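Shown below: protein_2.txt, with compact mmCIF, C-alpha atoms and all ligand atoms.
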```txt
# COMPACT_ATOMS: atom_id res chain seq x y z
CA MET P 1 162.20 155.33 36.48
CA LYS P 2 164.59 158.23 35.97
CA MET P 3 163.16 161.65 35.23
CA ALA P 4 165.63 162.12 32.38
CA ASP P 5 163.89 159.30 30.54
CA PHE P 6 160.96 161.44 29.58
CA THR P 7 161.17 165.04 30.71
CA PRO P 8 162.82 168.26 29.68
CA LYS P 9 166.18 168.83 31.38
CA ASN P 10 165.12 171.89 33.33
CA GLN P 11 162.45 169.95 35.23
CA SER P 12 164.68 167.14 36.41
CA GLN P 13 164.42 168.42 40.00
CA VAL P 14 161.02 166.79 40.56
CA ASP P 15 161.33 163.99 43.09
CA LEU P 16 159.30 161.05 41.83
CA GLU P 17 159.37 159.42 45.26
CA ASN P 18 157.60 162.38 46.81
CA LEU P 19 154.72 163.14 44.46
CA PRO P 20 151.35 164.42 45.63
CA LYS P 21 149.01 161.44 45.85
CA HIS P 22 146.02 163.38 44.55
CA VAL P 23 146.17 166.31 42.12
CA ALA P 24 143.01 168.24 41.21
CA ILE P 25 142.89 170.63 38.26
CA ILE P 26 140.55 173.48 37.39
CA MET P 27 140.99 173.43 33.62
CA ASP P 28 140.25 177.03 32.72
CA GLY P 29 140.96 179.30 29.76
CA ASN P 30 139.75 177.37 26.71
CA GLY P 31 137.54 180.23 25.55
CA ARG P 32 140.32 182.80 25.88
CA TRP P 33 142.75 180.52 24.04
CA ALA P 34 140.30 180.41 21.13
CA ALA P 35 139.52 184.15 21.27
CA GLN P 36 143.24 184.96 21.02
CA ARG P 37 143.23 183.09 17.72
CA HIS P 38 139.91 184.53 16.50
CA LEU P 39 138.44 181.04 16.68
CA PRO P 40 135.09 179.94 18.13
CA ARG P 41 135.14 178.83 21.80
CA ILE P 42 134.65 175.20 20.78
CA ALA P 43 138.11 175.26 19.14
CA GLY P 44 139.55 176.01 22.59
CA HIS P 45 137.63 173.15 24.15
CA ARG P 46 138.88 170.81 21.43
CA GLU P 47 142.47 171.84 22.03
CA GLY P 48 141.83 171.52 25.77
CA ILE P 49 141.04 167.82 25.26
CA LYS P 50 144.58 167.38 23.93
CA SER P 51 145.90 168.78 27.21
CA VAL P 52 143.61 166.37 29.07
CA GLN P 53 145.01 163.44 27.11
CA GLU P 54 148.60 164.55 27.68
CA ILE P 55 148.21 165.27 31.39
CA VAL P 56 146.27 162.05 32.10
CA THR P 57 148.91 159.93 30.33
CA PHE P 58 151.75 161.78 31.99
CA ALA P 59 150.24 161.66 35.48
CA ARG P 60 149.75 157.92 35.12
CA LYS P 61 153.29 157.49 33.84
CA ILE P 62 154.99 159.27 36.73
CA GLY P 63 152.80 157.62 39.36
CA ILE P 64 150.12 160.10 40.49
CA LYS P 65 147.46 157.93 42.14
CA THR P 66 144.44 160.21 41.75
CA LEU P 67 143.87 162.94 39.18
CA THR P 68 140.67 164.96 39.40
CA LEU P 69 139.65 167.20 36.52
CA TYR P 70 136.96 169.87 36.75
CA ALA P 71 135.26 169.39 33.39
CA PHE P 72 131.83 170.98 33.84
CA SER P 73 130.41 172.92 36.77
CA ASN P 74 126.84 173.35 37.93
CA GLU P 75 127.18 177.01 36.99
CA ASN P 76 128.29 176.04 33.47
CA TRP P 77 124.66 174.93 32.84
CA HIS P 78 123.92 178.65 32.45
CA ARG P 79 126.17 178.95 29.39
CA PRO P 80 124.59 179.22 25.91
CA ALA P 81 122.81 175.97 24.95
CA LYS P 82 125.00 175.60 21.87
CA GLU P 83 128.22 175.58 23.91
CA ILE P 84 126.77 173.07 26.38
CA THR P 85 125.79 170.74 23.54
CA GLN P 86 129.25 171.03 22.00
CA LEU P 87 130.90 170.28 25.35
CA MET P 88 128.72 167.19 25.82
CA VAL P 89 129.59 165.94 22.33
CA LEU P 90 133.29 166.38 23.14
CA LEU P 91 132.82 164.53 26.43
CA GLU P 92 131.10 161.61 24.68
CA ARG P 93 133.84 161.44 22.06
CA TYR P 94 136.54 161.60 24.71
CA LEU P 95 135.04 158.76 26.76
CA ASN P 96 134.42 156.54 23.73
CA LYS P 97 137.94 157.09 22.46
CA GLU P 98 139.80 156.89 25.77
CA LEU P 99 138.16 153.77 27.21
CA LYS P 100 140.75 151.64 25.42
CA THR P 101 143.65 153.76 26.75
CA MET P 102 142.18 153.56 30.26
CA MET P 103 142.03 149.77 30.06
CA GLU P 104 145.58 149.53 28.67
CA ASN P 105 146.96 151.80 31.37
CA GLY P 106 145.03 150.58 34.40
CA ILE P 107 143.07 153.80 34.79
CA ARG P 108 139.78 153.71 36.68
CA LEU P 109 137.24 156.38 35.85
CA ARG P 110 135.15 157.92 38.60
CA ALA P 111 132.60 160.66 38.01
CA ILE P 112 131.60 163.15 40.70
CA GLY P 113 128.71 165.59 40.45
CA GLN P 114 125.02 165.45 39.62
CA ILE P 115 125.55 163.00 36.77
CA ASP P 116 121.81 162.46 36.38
CA ARG P 117 121.47 166.06 35.17
CA LEU P 118 123.49 165.16 32.08
CA GLN P 119 121.70 164.10 28.92
CA LYS P 120 120.62 160.46 29.34
CA SER P 121 122.99 159.05 26.71
CA VAL P 122 125.94 160.90 28.25
CA ALA P 123 125.10 159.79 31.79
CA LYS P 124 124.77 156.23 30.52
CA LEU P 125 128.16 156.37 28.84
CA VAL P 126 129.79 157.79 31.98
CA HIS P 127 128.36 154.93 34.05
CA LYS P 128 129.43 152.40 31.42
CA VAL P 129 133.05 153.60 31.47
CA GLU P 130 133.02 153.64 35.28
CA GLU P 131 131.75 150.07 35.29
CA GLU P 132 134.22 148.79 32.69
CA THR P 133 137.23 150.38 34.36
CA LYS P 134 136.28 149.60 37.96
CA ASN P 135 138.94 146.91 38.46
CA ASN P 136 141.80 149.11 37.23
CA HIS P 137 144.16 150.15 40.00
CA GLU P 138 147.05 152.17 38.63
CA MET P 139 145.37 155.57 38.75
CA ASP P 140 141.94 157.00 39.50
CA LEU P 141 140.80 159.57 36.96
CA VAL P 142 138.03 161.54 38.62
CA LEU P 143 135.92 163.69 36.31
CA ALA P 144 133.86 166.41 37.94
CA LEU P 145 130.77 166.76 35.76
CA SER P 146 127.77 168.87 36.61
CA TYR P 147 129.68 169.42 39.81
CA GLY P 148 129.25 172.07 42.47
CA GLY P 149 130.93 172.02 45.87
CA ARG P 150 127.99 173.58 47.68
CA ALA P 151 125.52 171.21 46.01
CA GLU P 152 127.75 168.32 47.08
CA ILE P 153 127.55 169.42 50.73
CA VAL P 154 123.78 169.88 50.57
CA ASP P 155 123.37 166.47 48.89
CA ALA P 156 125.51 164.95 51.66
CA ILE P 157 123.33 166.53 54.34
CA LYS P 158 120.22 165.05 52.72
CA LYS P 159 121.80 161.58 52.81
CA VAL P 160 122.86 162.08 56.43
CA TYR P 161 119.30 163.06 57.32
CA GLN P 162 117.93 159.92 55.65
CA ASP P 163 120.37 157.68 57.50
CA LEU P 164 119.54 159.35 60.81
CA ARG P 165 115.83 158.86 60.11
CA ASP P 166 116.39 155.22 59.10
CA GLU P 167 118.55 154.81 62.20
CA THR P 168 121.49 153.47 60.17
CA LEU P 169 123.46 156.41 61.55
CA SER P 170 123.58 157.67 65.08
CA ILE P 171 124.25 161.39 65.57
CA LYS P 172 127.04 160.67 68.05
CA ASP P 173 129.00 158.88 65.30
CA LEU P 174 128.87 161.84 62.93
CA ASP P 175 132.30 163.46 62.81
CA GLU P 176 134.32 165.06 59.99
CA LYS P 177 135.66 161.75 58.74
CA HIS P 178 132.25 160.10 58.72
CA PHE P 179 130.63 163.09 57.03
CA SER P 180 133.24 162.89 54.22
CA ASN P 181 131.85 159.48 53.30
CA TYR P 182 128.56 161.15 52.33
CA LEU P 183 130.24 163.41 49.78
CA TYR P 184 130.48 162.44 46.08
CA THR P 185 134.18 161.82 46.73
CA GLU P 186 133.40 159.20 49.46
CA ASP P 187 136.59 157.11 49.64
CA ILE P 188 138.72 159.41 47.45
CA SER P 189 141.45 161.14 49.47
CA ASP P 190 141.52 164.95 49.68
CA PRO P 191 143.64 166.62 47.00
CA ASP P 192 147.22 167.36 48.02
CA LEU P 193 147.64 169.86 45.20
CA MET P 194 145.06 171.90 43.30
CA ILE P 195 146.09 173.60 40.08
CA ARG P 196 144.11 176.33 38.33
CA THR P 197 145.09 177.52 34.88
CA SER P 198 144.27 180.78 33.05
CA GLY P 199 145.24 183.32 35.69
CA GLU P 200 141.99 183.37 37.66
CA VAL P 201 142.70 183.14 41.37
CA ARG P 202 139.56 181.50 42.73
CA VAL P 203 138.17 178.03 43.38
CA SER P 204 134.83 178.47 41.54
CA ASN P 205 132.87 176.07 43.75
CA PHE P 206 135.32 173.20 43.31
CA LEU P 207 135.85 170.61 46.09
CA LEU P 208 135.03 173.14 48.82
CA TRP P 209 135.09 170.65 51.68
CA GLN P 210 138.06 168.69 50.36
CA VAL P 211 140.52 171.59 49.83
CA ALA P 212 140.74 172.44 53.54
CA TYR P 213 144.49 171.71 53.58
CA THR P 214 145.26 171.43 49.87
CA GLU P 215 148.21 173.33 48.42
CA LEU P 216 146.96 175.74 45.75
CA TYR P 217 148.87 176.52 42.56
CA PHE P 218 147.78 179.17 40.08
CA THR P 219 149.30 179.69 36.64
CA LYS P 220 148.52 182.18 33.89
CA THR P 221 148.94 179.45 31.26
CA LEU P 222 145.64 178.76 29.51
CA TRP P 223 144.42 175.17 29.74
CA PRO P 224 145.01 174.27 26.04
CA ASP P 225 148.65 175.35 26.51
CA PHE P 226 149.10 173.44 29.78
CA ARG P 227 151.24 170.41 29.02
CA GLU P 228 153.82 168.10 30.67
CA ALA P 229 156.40 170.80 31.40
CA ASP P 230 153.77 173.01 33.08
CA PHE P 231 152.55 170.09 35.17
CA LEU P 232 156.10 169.34 36.29
CA LYS P 233 156.56 172.98 37.23
CA ALA P 234 153.51 172.75 39.50
CA LEU P 235 154.79 169.51 41.05
CA HIS P 236 158.16 171.10 41.64
CA GLU P 237 156.63 174.07 43.41
CA TYR P 238 154.47 171.73 45.49
CA GLN P 239 157.54 169.82 46.61
CA GLY P 240 159.10 173.03 47.89
CA ARG P 241 156.15 173.81 50.15
CA GLU P 242 155.96 172.90 53.81
CA ARG P 243 152.59 171.41 54.72
CA ARG P 244 152.03 172.13 58.38
CA PHE P 245 148.33 171.22 58.78
CA GLY P 246 148.03 173.77 61.57
CA LEU P 247 151.02 172.45 63.52
CA VAL P 248 154.38 174.13 64.06
CA SER P 249 157.51 173.55 61.98
CA GLY P 250 160.20 171.07 62.90
CA GLY P 251 158.22 168.21 64.40
CA GLN P 252 157.89 169.64 67.95
CA ASN P 253 154.20 168.79 68.14
CA HIS P 254 152.43 166.31 70.40
C1 LIG B 1 137.20 175.98 30.80
O1 LIG B 1 137.40 176.98 29.87
C2 LIG B 1 136.28 174.89 30.31
C3 LIG B 1 134.96 174.88 30.96
C4 LIG B 1 134.57 175.65 31.93
C5 LIG B 1 134.01 173.90 30.48
P1 LIG B 1 136.37 178.19 29.71
O2 LIG B 1 135.32 177.79 28.73
O3 LIG B 1 135.87 178.61 31.04
O4 LIG B 1 137.32 179.28 29.09
P2 LIG B 1 137.38 180.84 29.45
O5 LIG B 1 137.49 180.95 30.94
O6 LIG B 1 136.13 181.44 28.93
O7 LIG B 1 138.62 181.33 28.77
C1 LIG B 2 135.52 176.61 36.37
O1 LIG B 2 135.73 177.45 35.30
C2 LIG B 2 134.78 175.38 35.92
C3 LIG B 2 135.53 174.44 35.09
C4 LIG B 2 136.80 174.54 34.80
C5 LIG B 2 134.78 173.34 34.59
P1 LIG B 2 134.71 178.64 34.95
O2 LIG B 2 135.28 179.35 33.78
O3 LIG B 2 133.35 178.09 34.81
O4 LIG B 2 134.79 179.52 36.28
P2 LIG B 2 134.60 181.08 36.50
O5 LIG B 2 133.32 181.46 35.85
O6 LIG B 2 135.78 181.76 35.85
O7 LIG B 2 134.62 181.26 37.98
MG MG B 3 136.50 179.96 32.40
```

Write out the structure in this file as structure tokens.
Amino acid sequence: MKMADFTPKNQSQVDLENLPKHVAIIMDGNGRWAAQRHLPRIAGHREGIKSVQEIVTFARKIGIKTLTLYAFSNENWHRPAKEITQLMVLLERYLNKELKTMMENGIRLRAIGQIDRLQKSVAKLVHKVEEETKNNHEMDLVLALSYGGRAEIVDAIKKVYQDLRDETLSIKDLDEKHFSNYLYTEDISDPDLMIRTSGEVRVSNFLLWQVAYTELYFTKTLWPDFREADFLKALHEYQGRERRFGLVSGGQNH
């Protein structure tokens, strides 16, 4: 597929053969988008869903294999009850509406986080969509819901402890790779690129273990304004980076 088929001219430099396999996004700035327009925060979340739809479709189209979206953090539980309820309603609507698109486009949904903390009906819907899309193989859409990176590590340690106690794991076999299997992300590869919108330059408890060697990209664009062209800009910058993983440049390593 040629880039010119579907992208603005100025972004044609993105090399489709060399895309990051896994892109994770901290979708931030919905509230500020709404405030700038003297609208309630929910209006920003609603507009943010449009960005989600556009970026998911676009990522699938260009061949990103895994897209992880930070939709609701553990800390977000401390927001006003009304906003939480509105976010959950939007999530339910999104999943109900997008299931068809996911099936048509070979998208498999995976949820990471403490899903059981969600309202029962929402948790049930999340599991239903995961189940119905489980044989899709074009792209994994990973939704981080009720997610916290520190909680994920603590939850993993609890599972490790159980397996040690049950003797299904021997301490000598526990290395970094094996430990990763106890995280919510289990078999999902680490992100190659993490994008955060809205100008904040922090990771806010997102994928703490997994971002060890991820390339980070920050943009001032608010999430509801983040669309295809912005995504391409991030991919282009990623492609200009040299990932050394602690080695030296130029392939002179052992
Ligand atoms: C991101 O936008 C969406 C969620 C965290 C659910 P915010 O709601 O954090 O928007 P700002 O940061 O207040 O602008
Ligand atoms: C991070 O955004 C969480 C999500 C995007 C879901 P926040 O708005 O909650 O993060 P802080 O408070 O700016 O760190
Ligand atoms: Mg925010």

Check your understanding: With only C-alpha atoms as the basis for distance, which of P:Gly29, P:Leu69, P:Val52, P:Asp192 is at the shortest distance from P:Tyr147?
Key ->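 The shortest atom-to-atom distance to P:Tyr147 comes from P:Leu69.
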
Practice item. Would you kindly return, as a PyMOL selection string, each protein, DNA or RNA residue with an atom no farther than 12 Å from any atom of stretch 125-129 of chain P, considering only C-alpha atoms and excluding same-chain residues fewer than 5 positions away? Key: chain P and resi 88-89+91-103+107-116+118-120+134-136+141-145

Any chance you can output those residues with C-alpha atoms as an mmCIF file, in the frame of the given file?
```cif
data_model
loop_
_atom_site.group_PDB
_atom_site.id
_atom_site.type_symbol
_atom_site.label_atom_id
_atom_site.label_comp_id
_atom_site.auth_asym_id
_atom_site.auth_seq_id
_atom_site.Cartn_x
_atom_site.Cartn_y
_atom_site.Cartn_z
ATOM 1 C CA MET P 88 128.720 167.190 25.820
ATOM 2 C CA VAL P 89 129.590 165.940 22.330
ATOM 3 C CA LEU P 91 132.820 164.530 26.430
ATOM 4 C CA GLU P 92 131.100 161.610 24.680
ATOM 5 C CA ARG P 93 133.840 161.440 22.060
ATOM 6 C CA TYR P 94 136.540 161.600 24.710
ATOM 7 C CA LEU P 95 135.040 158.760 26.760
ATOM 8 C CA ASN P 96 134.420 156.540 23.730
ATOM 9 C CA LYS P 97 137.940 157.090 22.460
ATOM 10 C CA GLU P 98 139.800 156.890 25.770
ATOM 11 C CA LEU P 99 138.160 153.770 27.210
ATOM 12 C CA LYS P 100 140.750 151.640 25.420
ATOM 13 C CA THR P 101 143.650 153.760 26.750
ATOM 14 C CA MET P 102 142.180 153.560 30.260
ATOM 15 C CA MET P 103 142.030 149.770 30.060
ATOM 16 C CA ILE P 107 143.070 153.800 34.790
ATOM 17 C CA ARG P 108 139.780 153.710 36.680
ATOM 18 C CA LEU P 109 137.240 156.380 35.850
ATOM 19 C CA ARG P 110 135.150 157.920 38.600
ATOM 20 C CA ALA P 111 132.600 160.660 38.010
ATOM 21 C CA ILE P 112 131.600 163.150 40.700
ATOM 22 C CA GLY P 113 128.710 165.590 40.450
ATOM 23 C CA GLN P 114 125.020 165.450 39.620
ATOM 24 C CA ILE P 115 125.550 163.000 36.770
ATOM 25 C CA ASP P 116 121.810 162.460 36.380
ATOM 26 C CA LEU P 118 123.490 165.160 32.080
ATOM 27 C CA GLN P 119 121.700 164.100 28.920
ATOM 28 C CA LYS P 120 120.620 160.460 29.340
ATOM 29 C CA LYS P 134 136.280 149.600 37.960
ATOM 30 C CA ASN P 135 138.940 146.910 38.460
ATOM 31 C CA ASN P 136 141.800 149.110 37.230
ATOM 32 C CA LEU P 141 140.800 159.570 36.960
ATOM 33 C CA VAL P 142 138.030 161.540 38.620
ATOM 34 C CA LEU P 143 135.920 163.690 36.310
ATOM 35 C CA ALA P 144 133.860 166.410 37.940
ATOM 36 C CA LEU P 145 130.770 166.760 35.760
#
```

**Study point:** Residue nearest ligand MG 3 (chain B) - candidates P:Glu237, P:Glu200, P:Asp187, P:Glu17, atoms counted: only C-alpha atoms and all ligand atoms
**Key:**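 Closest residue, counting only C-alpha atoms and all ligand atoms: P:Glu200.
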
Take every atom of ligand LIG 1 (chain B) listed in the file, pad by 3 Å on each side, and give me the axis-aligned box centre and edge lengths in Å, one decimal, as JSON.
```
{"center_x": 136.3, "center_y": 177.7, "center_z": 30.3, "size_x": 10.6, "size_y": 13.5, "size_z": 9.2}
```

Check your understanding: Quick one: distance from atom C2 of ligand LIG 2 (chain B) to atom CA of P:His178 in Å, one decimal?
Key ->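 Atom CA of P:His178 lies 27.6 Å from atom C2 of ligand LIG 2 (chain B).
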
**Study point:** Long-range neighbours of P:Phe218 as a list in words, 9 Å cut-off, only C-alpha atoms, 5 positions minimum in chain
**Key:** Met194, Ile195, Arg196, Thr197, Ser198, Gly199, Glu200, Val201, Arg202 and Ala234 of chain P

Practice item. With a distance cut-off of 10 Å and all atoms listed in the file, select the neighbouring residues of P:Ala34, excluding the residue or stretch itself and same-chain residues fewer than 3 positions from it, and output the selection as a PyMOL selection string. Key: chain P and resi 29-31+37-47+224

Exercise for review: With a distance cut-off of 12 Å and all atoms listed in the file, select the neighbouring residues of P:Asp163, excluding the residue or stretch itself and same-chain residues fewer than 5 positions from it, and output the selection as number ranges by chain.
Suggested key: P: 156-158, 168-171, 173-174, 179, 182

May I have the residues within 7 Å of ligand LIG 2 (chain B), computed using only C-alpha atoms and all ligand atoms, as a compact mmCIF listing (two decimals) with C-alpha atoms, in the frame of the given file?
```txt
# COMPACT_ATOMS: atom_id res chain seq x y z
CA ILE P 26 140.55 173.48 37.39
CA MET P 27 140.99 173.43 33.62
CA ASP P 28 140.25 177.03 32.72
CA GLY P 29 140.96 179.30 29.76
CA TYR P 70 136.96 169.87 36.75
CA ALA P 71 135.26 169.39 33.39
CA PHE P 72 131.83 170.98 33.84
CA SER P 73 130.41 172.92 36.77
CA GLU P 75 127.18 177.01 36.99
CA ASN P 76 128.29 176.04 33.47
CA GLU P 200 141.99 183.37 37.66
CA ARG P 202 139.56 181.50 42.73
CA SER P 204 134.83 178.47 41.54
```

Check your understanding: How many Å lie between atom CA of P:Gly106 and atom CA of P:Ile55, rounded to one decimal?
Key ->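 Pair atom CA of P:Gly106 / atom CA of P:Ile55 returns 15.3 Å.
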
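With all atoms listed in the file as the atoms that count, the residue of P:Val23, P:Lys61, P:Asp140, P:Arg32 with the shortest distance to ligand MG 3 (chain B) is P:Arg32.
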
Revision key, fill the gap. If you count all atoms listed in the file, the residue of P:Leu87, P:Val203, P:Leu19, P:Val14 closest to ligand LIG 1 (chain B) turns out to be P:Leu87

Missing atoms in stretch 86-114 of chain P should be modelled up to N, CA and C atoms and reported as an mmCIF file, in the frame of the given file.
```cif
data_model
loop_
_atom_site.group_PDB
_atom_site.id
_atom_site.type_symbol
_atom_site.label_atom_id
_atom_site.label_comp_id
_atom_site.auth_asym_id
_atom_site.auth_seq_id
_atom_site.Cartn_x
_atom_site.Cartn_y
_atom_site.Cartn_z
ATOM 1 N N GLN P 86 127.927 171.335 22.567
ATOM 2 C CA GLN P 86 129.250 171.030 22.000
ATOM 3 C C GLN P 86 130.155 170.376 23.046
ATOM 4 N N LEU P 87 130.075 170.868 24.293
ATOM 5 C CA LEU P 87 130.900 170.280 25.350
ATOM 6 C C LEU P 87 130.504 168.828 25.615
ATOM 7 N N MET P 88 129.195 168.564 25.573
ATOM 8 C CA MET P 88 128.720 167.190 25.820
ATOM 9 C C MET P 88 129.146 166.248 24.695
ATOM 10 N N VAL P 89 129.136 166.757 23.464
ATOM 11 C CA VAL P 89 129.590 165.940 22.330
ATOM 12 C C VAL P 89 131.077 165.603 22.511
ATOM 13 N N LEU P 90 131.856 166.615 22.918
ATOM 14 C CA LEU P 90 133.290 166.380 23.140
ATOM 15 C C LEU P 90 133.514 165.361 24.256
ATOM 16 N N LEU P 91 132.695 165.461 25.307
ATOM 17 C CA LEU P 91 132.820 164.530 26.430
ATOM 18 C C LEU P 91 132.532 163.093 25.967
ATOM 19 N N GLU P 92 131.466 162.946 25.190
ATOM 20 C CA GLU P 92 131.100 161.610 24.680
ATOM 21 C C GLU P 92 132.228 161.039 23.828
ATOM 22 N N ARG P 93 132.751 161.896 22.944
ATOM 23 C CA ARG P 93 133.840 161.440 22.060
ATOM 24 C C ARG P 93 135.061 161.044 22.874
ATOM 25 N N TYR P 94 135.363 161.864 23.866
ATOM 26 C CA TYR P 94 136.540 161.600 24.710
ATOM 27 C C TYR P 94 136.393 160.239 25.402
ATOM 28 N N LEU P 95 135.232 160.012 26.003
ATOM 29 C CA LEU P 95 135.040 158.760 26.760
ATOM 30 C C LEU P 95 135.077 157.547 25.839
ATOM 31 N N ASN P 96 134.421 157.662 24.683
ATOM 32 C CA ASN P 96 134.420 156.540 23.730
ATOM 33 C C ASN P 96 135.828 156.223 23.261
ATOM 34 N N LYS P 97 136.595 157.278 22.999
ATOM 35 C CA LYS P 97 137.940 157.090 22.460
ATOM 36 C C LYS P 97 138.920 156.615 23.535
ATOM 37 N N GLU P 98 138.787 157.145 24.741
ATOM 38 C CA GLU P 98 139.800 156.890 25.770
ATOM 39 C C GLU P 98 139.577 155.622 26.582
ATOM 40 N N LEU P 99 138.422 154.991 26.432
ATOM 41 C CA LEU P 99 138.160 153.770 27.210
ATOM 42 C C LEU P 99 139.279 152.746 26.996
ATOM 43 N N LYS P 100 139.700 152.604 25.753
ATOM 44 C CA LYS P 100 140.750 151.640 25.420
ATOM 45 C C LYS P 100 142.063 152.009 26.152
ATOM 46 N N THR P 101 142.428 153.294 26.077
ATOM 47 C CA THR P 101 143.650 153.760 26.750
ATOM 48 C C THR P 101 143.544 153.518 28.256
ATOM 49 N N MET P 102 142.358 153.770 28.812
ATOM 50 C CA MET P 102 142.180 153.560 30.260
ATOM 51 C C MET P 102 142.407 152.100 30.614
ATOM 52 N N MET P 103 141.869 151.194 29.789
ATOM 53 C CA MET P 103 142.030 149.770 30.060
ATOM 54 C C MET P 103 143.503 149.370 29.931
ATOM 55 N N GLU P 104 144.164 149.892 28.900
ATOM 56 C CA GLU P 104 145.580 149.530 28.670
ATOM 57 C C GLU P 104 146.489 150.058 29.771
ATOM 58 N N ASN P 105 146.084 151.170 30.387
ATOM 59 C CA ASN P 105 146.960 151.800 31.370
ATOM 60 C C ASN P 105 146.482 151.654 32.817
ATOM 61 N N GLY P 106 145.499 150.822 33.030
ATOM 62 C CA GLY P 106 145.030 150.580 34.400
ATOM 63 C C GLY P 106 144.390 151.786 35.044
ATOM 64 N N ILE P 107 143.709 152.594 34.251
ATOM 65 C CA ILE P 107 143.070 153.800 34.790
ATOM 66 C C ILE P 107 141.594 153.531 35.079
ATOM 67 N N ARG P 108 141.194 153.874 36.293
ATOM 68 C CA ARG P 108 139.780 153.710 36.680
ATOM 69 C C ARG P 108 139.095 155.069 36.617
ATOM 70 N N LEU P 109 137.981 155.121 35.922
ATOM 71 C CA LEU P 109 137.240 156.380 35.850
ATOM 72 C C LEU P 109 136.226 156.471 36.982
ATOM 73 N N ARG P 110 136.173 157.640 37.599
ATOM 74 C CA ARG P 110 135.150 157.920 38.600
ATOM 75 C C ARG P 110 134.536 159.263 38.206
ATOM 76 N N ALA P 111 133.232 159.375 38.305
ATOM 77 C CA ALA P 111 132.600 160.660 38.010
ATOM 78 C C ALA P 111 132.028 161.210 39.310
ATOM 79 N N ILE P 112 132.218 162.509 39.540
ATOM 80 C CA ILE P 112 131.600 163.150 40.700
ATOM 81 C C ILE P 112 130.741 164.316 40.210
ATOM 82 N N GLY P 113 129.612 164.512 40.858
ATOM 83 C CA GLY P 113 128.710 165.590 40.450
ATOM 84 C C GLY P 113 127.300 165.036 40.296
ATOM 85 N N GLN P 114 126.413 165.896 39.805
ATOM 86 C CA GLN P 114 125.020 165.450 39.620
ATOM 87 C C GLN P 114 124.899 164.863 38.216
#
```
